[in-house]
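This is work36.cif. It holds mmCIF, C-alpha atoms and all ligand atoms.
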data_entry
loop_
_atom_site.label_atom_id
_atom_site.label_comp_id
_atom_site.auth_asym_id
_atom_site.auth_seq_id
_atom_site.Cartn_x
_atom_site.Cartn_y
_atom_site.Cartn_z
CA MET V 1 0.66 2.25 -45.85
CA ILE V 2 4.17 1.17 -44.87
CA ILE V 3 6.90 3.73 -45.58
CA TYR V 4 10.27 2.06 -46.24
CA LYS V 5 13.36 4.11 -45.40
CA THR V 6 16.56 4.65 -47.33
CA ARG V 7 19.97 4.03 -45.75
CA ARG V 8 20.35 7.75 -45.32
CA GLU V 9 17.06 8.00 -43.44
CA ILE V 10 18.04 5.04 -41.27
CA GLU V 11 21.29 6.83 -40.41
CA THR V 12 19.33 9.87 -39.27
CA MET V 13 17.04 7.66 -37.19
CA ASP V 14 20.12 6.00 -35.69
CA ARG V 15 21.44 9.41 -34.59
CA CYS V 16 18.03 10.37 -33.24
CA ASN V 17 17.69 7.19 -31.21
CA ARG V 18 21.22 7.63 -29.88
CA VAL V 19 20.07 10.89 -28.26
CA VAL V 20 16.97 9.10 -26.91
CA GLY V 21 19.18 6.38 -25.40
CA GLN V 22 21.60 8.81 -23.79
CA ILE V 23 18.80 10.79 -22.18
CA LEU V 24 16.99 7.64 -21.02
CA ALA V 25 20.20 6.30 -19.46
CA ALA V 26 20.64 9.58 -17.55
CA LEU V 27 17.00 9.50 -16.40
CA ALA V 28 17.37 5.90 -15.23
CA ARG V 29 20.24 7.01 -12.96
CA GLU V 30 18.05 9.82 -11.54
CA ALA V 31 15.21 7.45 -10.59
CA ARG V 32 15.98 7.24 -6.87
CA PRO V 33 13.88 7.30 -3.68
CA GLY V 34 12.52 10.79 -2.94
CA VAL V 35 12.57 11.95 -6.56
CA THR V 36 9.18 12.85 -8.11
CA THR V 37 8.15 11.77 -11.58
CA LEU V 38 7.82 15.46 -12.50
CA ASP V 39 11.49 15.93 -11.48
CA LEU V 40 12.36 13.34 -14.13
CA ASP V 41 10.26 15.13 -16.77
CA ARG V 42 12.01 18.43 -15.95
CA LYS V 43 15.39 16.76 -16.25
CA ALA V 44 14.36 15.29 -19.60
CA GLU V 45 13.23 18.75 -20.82
CA GLU V 46 16.61 20.18 -19.84
CA MET V 47 18.52 17.45 -21.71
CA ILE V 48 16.30 17.92 -24.79
CA ARG V 49 17.26 21.59 -24.81
CA GLU V 50 20.98 20.85 -24.39
CA ALA V 51 20.89 18.27 -27.20
CA GLY V 52 19.13 20.70 -29.56
CA VAL V 53 16.34 18.23 -30.42
CA LYS V 54 12.55 18.38 -30.07
CA PRO V 55 10.32 16.30 -27.79
CA ALA V 56 8.30 13.61 -29.55
CA PHE V 57 5.49 13.20 -27.01
CA LYS V 58 4.65 16.69 -25.73
CA GLY V 59 1.48 17.89 -27.47
CA TYR V 60 0.92 14.51 -29.14
CA ARG V 61 -2.90 14.17 -28.90
CA GLY V 62 -2.63 16.69 -26.06
CA TYR V 63 -0.10 14.73 -23.97
CA PRO V 64 1.26 17.31 -21.48
CA CYS V 65 4.88 16.13 -20.87
CA VAL V 66 8.04 15.03 -22.68
CA LEU V 67 8.29 11.74 -20.76
CA CYS V 68 5.93 8.95 -19.66
CA THR V 69 6.56 7.64 -16.13
CA SER V 70 4.68 4.46 -15.19
CA VAL V 71 5.21 3.22 -11.63
CA ASN V 72 4.55 -0.36 -10.39
CA GLU V 73 1.02 -1.40 -11.54
CA GLU V 74 0.98 1.41 -14.10
CA VAL V 75 1.56 -0.14 -17.52
CA VAL V 76 2.29 2.82 -19.83
CA HIS V 77 1.55 6.54 -20.38
CA GLY V 78 1.84 7.60 -16.73
CA ILE V 79 1.84 11.41 -16.60
CA PRO V 80 4.69 12.90 -14.52
CA SER V 81 3.38 14.54 -11.35
CA PRO V 82 4.84 16.51 -8.42
CA ARG V 83 2.74 14.28 -6.14
CA LYS V 84 4.21 11.00 -7.36
CA VAL V 85 7.28 10.44 -5.16
CA LEU V 86 9.46 7.39 -5.91
CA ARG V 87 10.05 5.00 -3.03
CA GLU V 88 12.58 2.24 -2.44
CA GLY V 89 11.28 -0.97 -4.03
CA ASP V 90 9.27 0.70 -6.82
CA ILE V 91 9.83 -0.07 -10.47
CA ILE V 92 9.39 2.73 -12.99
CA GLY V 93 8.86 2.59 -16.72
CA LEU V 94 10.48 5.52 -18.54
CA ASP V 95 9.19 6.01 -22.08
CA PHE V 96 10.80 8.78 -24.11
CA GLY V 97 11.15 10.07 -27.64
CA VAL V 98 12.66 12.95 -29.60
CA VAL V 99 12.59 14.38 -33.12
CA LEU V 100 15.88 15.06 -34.91
CA ASP V 101 16.05 16.41 -38.48
CA GLY V 102 12.38 15.48 -38.91
CA TYR V 103 12.72 11.85 -37.77
CA PHE V 104 11.32 10.31 -34.59
CA GLY V 105 13.13 8.13 -32.07
CA ASP V 106 11.25 6.17 -29.39
CA ALA V 107 12.49 3.89 -26.60
CA ALA V 108 11.53 2.79 -23.11
CA LEU V 109 12.94 0.84 -20.22
CA THR V 110 11.82 -0.15 -16.74
CA VAL V 111 14.26 0.33 -13.88
CA PRO V 112 14.35 -0.46 -10.16
CA VAL V 113 14.21 2.28 -7.54
CA GLY V 114 16.77 1.13 -5.00
CA ARG V 115 16.42 -2.53 -4.09
CA VAL V 116 13.33 -4.28 -5.47
CA SER V 117 11.59 -7.62 -4.86
CA ARG V 118 12.76 -10.75 -6.67
CA GLU V 119 9.37 -10.78 -8.45
CA ALA V 120 9.89 -7.24 -9.78
CA ALA V 121 13.44 -7.98 -10.92
CA ASP V 122 12.32 -11.18 -12.68
CA LEU V 123 9.44 -9.36 -14.43
CA MET V 124 11.83 -6.71 -15.76
CA ARG V 125 14.32 -9.34 -16.92
CA VAL V 126 11.71 -11.40 -18.79
CA THR V 127 10.17 -8.29 -20.40
CA GLN V 128 13.55 -7.07 -21.61
CA GLU V 129 14.41 -10.54 -22.91
CA SER V 130 11.07 -10.68 -24.75
CA LEU V 131 11.97 -7.42 -26.54
CA GLN V 132 15.29 -8.98 -27.50
CA ARG V 133 13.49 -12.07 -28.87
CA GLY V 134 11.19 -9.80 -30.87
CA ILE V 135 14.14 -7.89 -32.32
CA GLU V 136 15.88 -11.14 -33.31
CA ALA V 137 12.72 -12.21 -35.19
CA ALA V 138 12.70 -8.97 -37.24
CA ARG V 139 14.42 -10.40 -40.33
CA ALA V 140 13.88 -9.64 -44.02
CA GLY V 141 11.80 -12.38 -45.62
CA GLY V 142 9.95 -13.18 -42.39
CA ARG V 143 6.50 -11.92 -41.49
CA LEU V 144 5.48 -9.21 -39.05
CA SER V 145 3.70 -11.58 -36.66
CA ASP V 146 6.94 -13.57 -36.26
CA ILE V 147 7.99 -10.66 -34.02
CA SER V 148 4.70 -10.77 -32.09
CA ALA V 149 4.88 -14.51 -31.58
CA ALA V 150 8.51 -14.42 -30.40
CA VAL V 151 7.64 -11.82 -27.75
CA GLN V 152 4.53 -13.64 -26.55
CA ARG V 153 6.24 -17.04 -26.40
CA HIS V 154 8.99 -15.73 -24.14
CA VAL V 155 6.65 -13.76 -21.87
CA GLU V 156 4.26 -16.65 -21.34
CA ALA V 157 7.09 -19.17 -20.87
CA GLY V 158 8.20 -16.90 -18.02
CA GLY V 159 4.72 -17.13 -16.45
CA TYR V 160 3.65 -13.57 -17.27
CA SER V 161 0.99 -12.04 -19.54
CA VAL V 162 1.13 -9.74 -22.55
CA VAL V 163 -0.96 -6.55 -22.67
CA ARG V 164 -3.24 -6.50 -25.73
CA GLU V 165 -4.60 -2.93 -25.74
CA PHE V 166 -1.32 -1.25 -26.74
CA VAL V 167 1.03 -2.29 -29.50
CA GLY V 168 4.32 -1.33 -31.14
CA HIS V 169 4.34 0.61 -34.38
CA GLY V 170 6.13 1.73 -37.48
CA ILE V 171 8.16 4.91 -36.91
CA GLY V 172 9.80 7.52 -39.13
CA THR V 173 8.71 11.07 -39.92
CA SER V 174 5.74 10.36 -37.59
CA LEU V 175 5.82 8.79 -34.13
CA HIS V 176 3.25 6.21 -35.21
CA GLU V 177 3.29 4.79 -38.72
CA ASP V 178 1.97 1.54 -40.15
CA PRO V 179 2.20 -1.29 -39.35
CA GLN V 180 0.98 -1.95 -35.81
CA VAL V 181 3.22 -4.43 -33.99
CA PRO V 182 1.21 -6.51 -31.48
CA ASN V 183 3.08 -8.40 -28.77
CA TYR V 184 0.94 -11.51 -29.27
CA GLY V 185 -0.28 -13.70 -32.11
CA ALA V 186 0.62 -16.72 -34.22
CA PRO V 187 3.74 -16.46 -36.43
CA GLY V 188 3.70 -16.35 -40.23
CA ALA V 189 1.06 -13.64 -40.72
CA GLY V 190 0.96 -9.96 -41.63
CA PRO V 191 3.22 -8.01 -43.99
CA VAL V 192 6.45 -9.58 -45.26
CA LEU V 193 9.40 -7.91 -43.51
CA LYS V 194 11.58 -6.01 -45.96
CA GLU V 195 14.76 -4.00 -45.87
CA GLY V 196 14.03 -0.38 -44.91
CA LEU V 197 11.15 -1.18 -42.55
CA THR V 198 11.57 0.72 -39.26
CA LEU V 199 9.63 -0.42 -36.20
CA ALA V 200 9.26 0.43 -32.53
CA ILE V 201 8.83 -2.90 -30.71
CA GLU V 202 7.46 -2.43 -27.20
CA PRO V 203 6.27 -5.33 -25.03
CA MET V 204 4.14 -4.43 -22.01
CA VAL V 205 4.08 -7.34 -19.57
CA ASN V 206 1.98 -7.97 -16.45
CA VAL V 207 2.61 -10.31 -13.53
CA GLY V 208 -1.11 -11.16 -13.33
CA ASP V 209 -4.02 -10.66 -15.68
CA PRO V 210 -3.34 -8.87 -19.00
CA ALA V 211 -6.32 -6.50 -18.64
CA VAL V 212 -5.65 -2.75 -18.29
CA ARG V 213 -7.80 0.24 -17.40
CA ILE V 214 -7.31 3.93 -18.20
CA HIS V 215 -7.31 6.45 -15.35
CA PRO V 216 -9.60 9.50 -15.31
CA ASP V 217 -6.60 11.58 -16.55
CA GLY V 218 -7.28 9.96 -19.93
CA TRP V 219 -3.70 8.63 -20.28
CA THR V 220 -2.35 6.50 -17.43
CA ALA V 221 -2.96 2.79 -18.06
CA SER V 222 -2.83 0.43 -15.07
CA THR V 223 -3.35 -3.28 -14.58
CA VAL V 224 -6.95 -4.01 -13.56
CA ASP V 225 -5.81 -6.55 -10.95
CA GLY V 226 -3.18 -4.21 -9.45
CA SER V 227 -0.28 -6.54 -10.38
CA LEU V 228 3.12 -5.16 -11.39
CA SER V 229 3.82 -4.31 -15.03
CA ALA V 230 6.99 -3.64 -17.05
CA HIS V 231 7.66 -2.05 -20.45
CA PHE V 232 10.72 -2.03 -22.71
CA GLU V 233 10.93 -0.49 -26.18
CA ARG V 234 13.49 -0.02 -28.94
CA SER V 235 13.27 1.34 -32.46
CA ILE V 236 14.86 -0.94 -35.07
CA ALA V 237 15.48 -1.09 -38.81
CA ILE V 238 15.38 -4.20 -40.96
CA THR V 239 18.55 -4.38 -43.06
CA GLU V 240 20.14 -6.94 -45.34
CA ASN V 241 22.41 -7.81 -42.41
CA GLY V 242 19.51 -8.45 -40.01
CA PRO V 243 17.83 -6.23 -37.46
CA LEU V 244 19.68 -3.00 -36.60
CA VAL V 245 18.89 -1.55 -33.17
CA LEU V 246 18.73 2.19 -33.81
CA GLY V 247 20.88 4.22 -31.46
CA GLY V 248 22.96 1.17 -30.57
CA ALA V 249 23.39 -0.40 -27.16
CA LEU V 250 21.60 1.39 -24.35
CA GLU V 251 23.08 1.41 -20.88
CA GLY V 252 20.79 -0.67 -18.63
CA MET V 253 19.24 -2.71 -21.41
N1 LIG E 1 6.21 4.92 -26.71
C1 LIG E 1 4.84 5.38 -26.67
C2 LIG E 1 4.19 5.12 -27.98
O1 LIG E 1 4.86 4.83 -28.89
C3 LIG E 1 4.81 6.78 -26.25
C4 LIG E 1 3.61 7.58 -26.64
S1 LIG E 1 3.24 8.66 -25.39
C5 LIG E 1 2.43 9.92 -26.10
O2 LIG E 1 3.00 5.14 -28.14
F1 LIG E 1 2.20 10.78 -25.23
F2 LIG E 1 3.15 10.44 -27.04
F3 LIG E 1 1.30 9.43 -26.65
CO CO E 2 6.38 3.62 -29.03
#
Mind converting the file's structure to structure tokens?
Amino acid sequence: MIIYKTRREIETMDRCNRVVGQILAALAREARPGVTTLDLDRKAEEMIREAGVKPAFKGYRGYPCVLCTSVNEEVVHGIPSPRKVLREGDIIGLDFGVVLDGYFGDAALTVPVGRVSREAADLMRVTQESLQRGIEAARAGGRLSDISAAVQRHVEAGGYSVVREFVGHGIGTSLHEDPQVPNYGAPGAGPVLKEGLTLAIEPMVNVGDPAVRIHPDGWTASTVDGSLSAHFERSIAITENGPLVLGGALEGM
């Protein structure tokens, strides 16, 4: 069941996602050679406390941290670890969410650690652009799969592949609400997009094959072929004036 939000609720979600964006921007600046992924999680915990909000991920189905850190061939849901040290040339996906006044915010970006290969930089650019294309397709009167198709078209035109096993989602008083938002599919299908619909759109894009596998930790998803992967995510609301990116512009994306 899709839960449509009032303007007031969308305002709260905008404030919530603003906090998410500020913390993500700070974490992106911390992602430097020599830093561990657990260092980033600690930093995120500290900023959550200072902001007076609650983490969205910690404890969700037993997830142990406030942040997901997915390095290189890791696609999503990498668990921060003191043994995972960032090195020059890595790319790292930072996926983060908080709860403010009962509403969830959720966003992700992938950033370079120092200087990265042209391939890595191009992958991040195309993935971010595909999110932008998806957001632009999120218009009242359209259909849900218009978003999916816009993402997929851009990714595949760039020569990359879209992960199928994970999808975007509705968001509100829960992290995951209906509907699911795949990053692939033909346009013109699924629910009609209406004012008040709030969605987290989150393309996961691989250089090689789209297949992923889950590590024995039960969370970390990696590409099966070992190729690089990138992930960008924003929460949006559909309004009469078009898609509204909740939390506004985010530094670095
Ligand atoms: N952005 C991811 C999602 O929407 C983050 C979930 S991580 C989890 O699914 F730990 F909370 F599951
Ligand atoms: Co999400």
Quick one: contact table of segment 172-240 of chain V to segment 120-139 of chain V, 12 Å max, nearest atom pair and distance in Å to one decimal per residue, counting only C-alpha atoms, chain and number order, as a tab-separated table?
residue	atom	partner	partner_atom	distance
V:Val181	CA	V:Gly134	CA	10.1
V:Pro182	CA	V:Gly134	CA	10.5
V:Asn183	CA	V:Gly134	CA	8.5
V:Tyr184	CA	V:Gly134	CA	10.5
V:Pro187	CA	V:Ala137	CA	10.0
V:Gly188	CA	V:Ala137	CA	11.1
V:Pro191	CA	V:Ala138	CA	11.7
V:Val192	CA	V:Arg139	CA	9.4
V:Leu193	CA	V:Arg139	CA	6.4
V:Lys194	CA	V:Arg139	CA	7.7
V:Glu195	CA	V:Arg139	CA	8.5
V:Gly196	CA	V:Arg139	CA	11.0
V:Leu197	CA	V:Ala138	CA	9.6
V:Thr198	CA	V:Ala138	CA	10.0
V:Leu199	CA	V:Ala138	CA	9.1
V:Ala200	CA	V:Ile135	CA	9.6
V:Ile201	CA	V:Leu131	CA	6.9
V:Glu202	CA	V:Leu131	CA	6.8
V:Pro203	CA	V:Leu131	CA	6.3
V:Met204	CA	V:Thr127	CA	7.3
V:Val205	CA	V:Thr127	CA	6.2
V:Asn206	CA	V:Leu123	CA	7.9
V:Val207	CA	V:Leu123	CA	7.0
V:Gly208	CA	V:Leu123	CA	10.8
V:Ser227	CA	V:Ala120	CA	10.2
V:Leu228	CA	V:Ala120	CA	7.3
V:Ser229	CA	V:Leu123	CA	7.6
V:Ala230	CA	V:Met124	CA	5.9
V:His231	CA	V:Thr127	CA	6.7
V:Phe232	CA	V:Gln128	CA	5.9
V:Glu233	CA	V:Leu131	CA	7.0
V:Arg234	CA	V:Leu131	CA	7.9
V:Ser235	CA	V:Ile135	CA	9.3
V:Ile236	CA	V:Ile135	CA	7.5
V:Ala237	CA	V:Ala138	CA	8.5
V:Ile238	CA	V:Arg139	CA	6.3
V:Thr239	CA	V:Arg139	CA	7.8
V:Glu240	CA	V:Arg139	CA	8.4
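Take the candidates V:Asp41, V:Glu165, V:Asp95, V:Glu251 and check each one against ligand CO 2 (chain E) using only C-alpha atoms and all ligand atoms; the shortest distance goes to V:Asp95.
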Provide the atom CA of Asn72 of chain V to atom CA of Glu45 of chain V distance in Å, to one decimal place. 23.4 Å
Would you name the residues within 7 Å of ligand LIG 1 (chain E), counting only C-alpha atoms and all ligand atoms, and put them as a ChimeraX atom specification? /V:56-58,60-61,63,68,77,95-96,106-108,168-169,175-176
Within 7 Å of Val76 of chain V, counting only C-alpha atoms, which residues show up once you throw out same-chain ones fewer than 5 positions away? Write them as a list in words, please.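 Everything that qualifies: Ser70, Thr220 and Ala221 of chain V.
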Go ahead and dump the residues you just picked, C-alpha atoms, as an mmCIF file, keeping the file's coordinate frame.
data_model
loop_
_atom_site.group_PDB
_atom_site.id
_atom_site.type_symbol
_atom_site.label_atom_id
_atom_site.label_comp_id
_atom_site.auth_asym_id
_atom_site.auth_seq_id
_atom_site.Cartn_x
_atom_site.Cartn_y
_atom_site.Cartn_z
ATOM 1 C CA SER V 70 4.680 4.460 -15.190
ATOM 2 C CA THR V 220 -2.350 6.500 -17.430
ATOM 3 C CA ALA V 221 -2.960 2.790 -18.060
#
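Distances here use all atoms listed in the file; by that measure, the residue among V:Asp209, V:Asp225, V:Glu9, V:Glu177 closest to ligand CO 2 (chain E) is V:Glu177.
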Closest of V:Ala186, V:Ser222, V:Val155, V:Gly97 to ligand CO 2 (chain E), counting all atoms listed in the file, is V:Gly97
Using only C-alpha atoms, determine which residues lie at most 10 Å from Asp39 of chain V, disregarding the query and same-chain residues fewer than 2 positions distant; provide the list as a list in words.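 In the requested form, the answer reads Leu27, Glu30, Ala31, Val35, Thr36, Thr37, Asp41, Arg42, Lys43, Ala44, Glu45, Pro80, Ser81, Pro82, Lys84 and Val85 of chain V.
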Atom CA of Leu40 of chain V to atom CA of Val66 of chain V, distance in Å rounded to a single decimal: 9.7 Å
Box along x, y and z, 6 Å on every side, all listed atoms of segment 159-175 of chain V inside: centre and edge lengths in Å to one decimal, as AutoDock Vina command-line options.
--center_x 2.6 --center_y -3.0 --center_z -28.2 --size_x 26.4 --size_y 40.2 --size_z 35.5
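The interatomic distance for the pair atom CA of Glu88 of chain V and atom CA of Arg29 of chain V works out to 13.9 Å.
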Could you tell me which of V:Leu67, V:Val19, V:Gly141, V:Gly114 comes closest to Glu50 of chain V if we count all atoms listed in the file?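 With all atoms listed in the file as the atom set, the closest residue is V:Val19.
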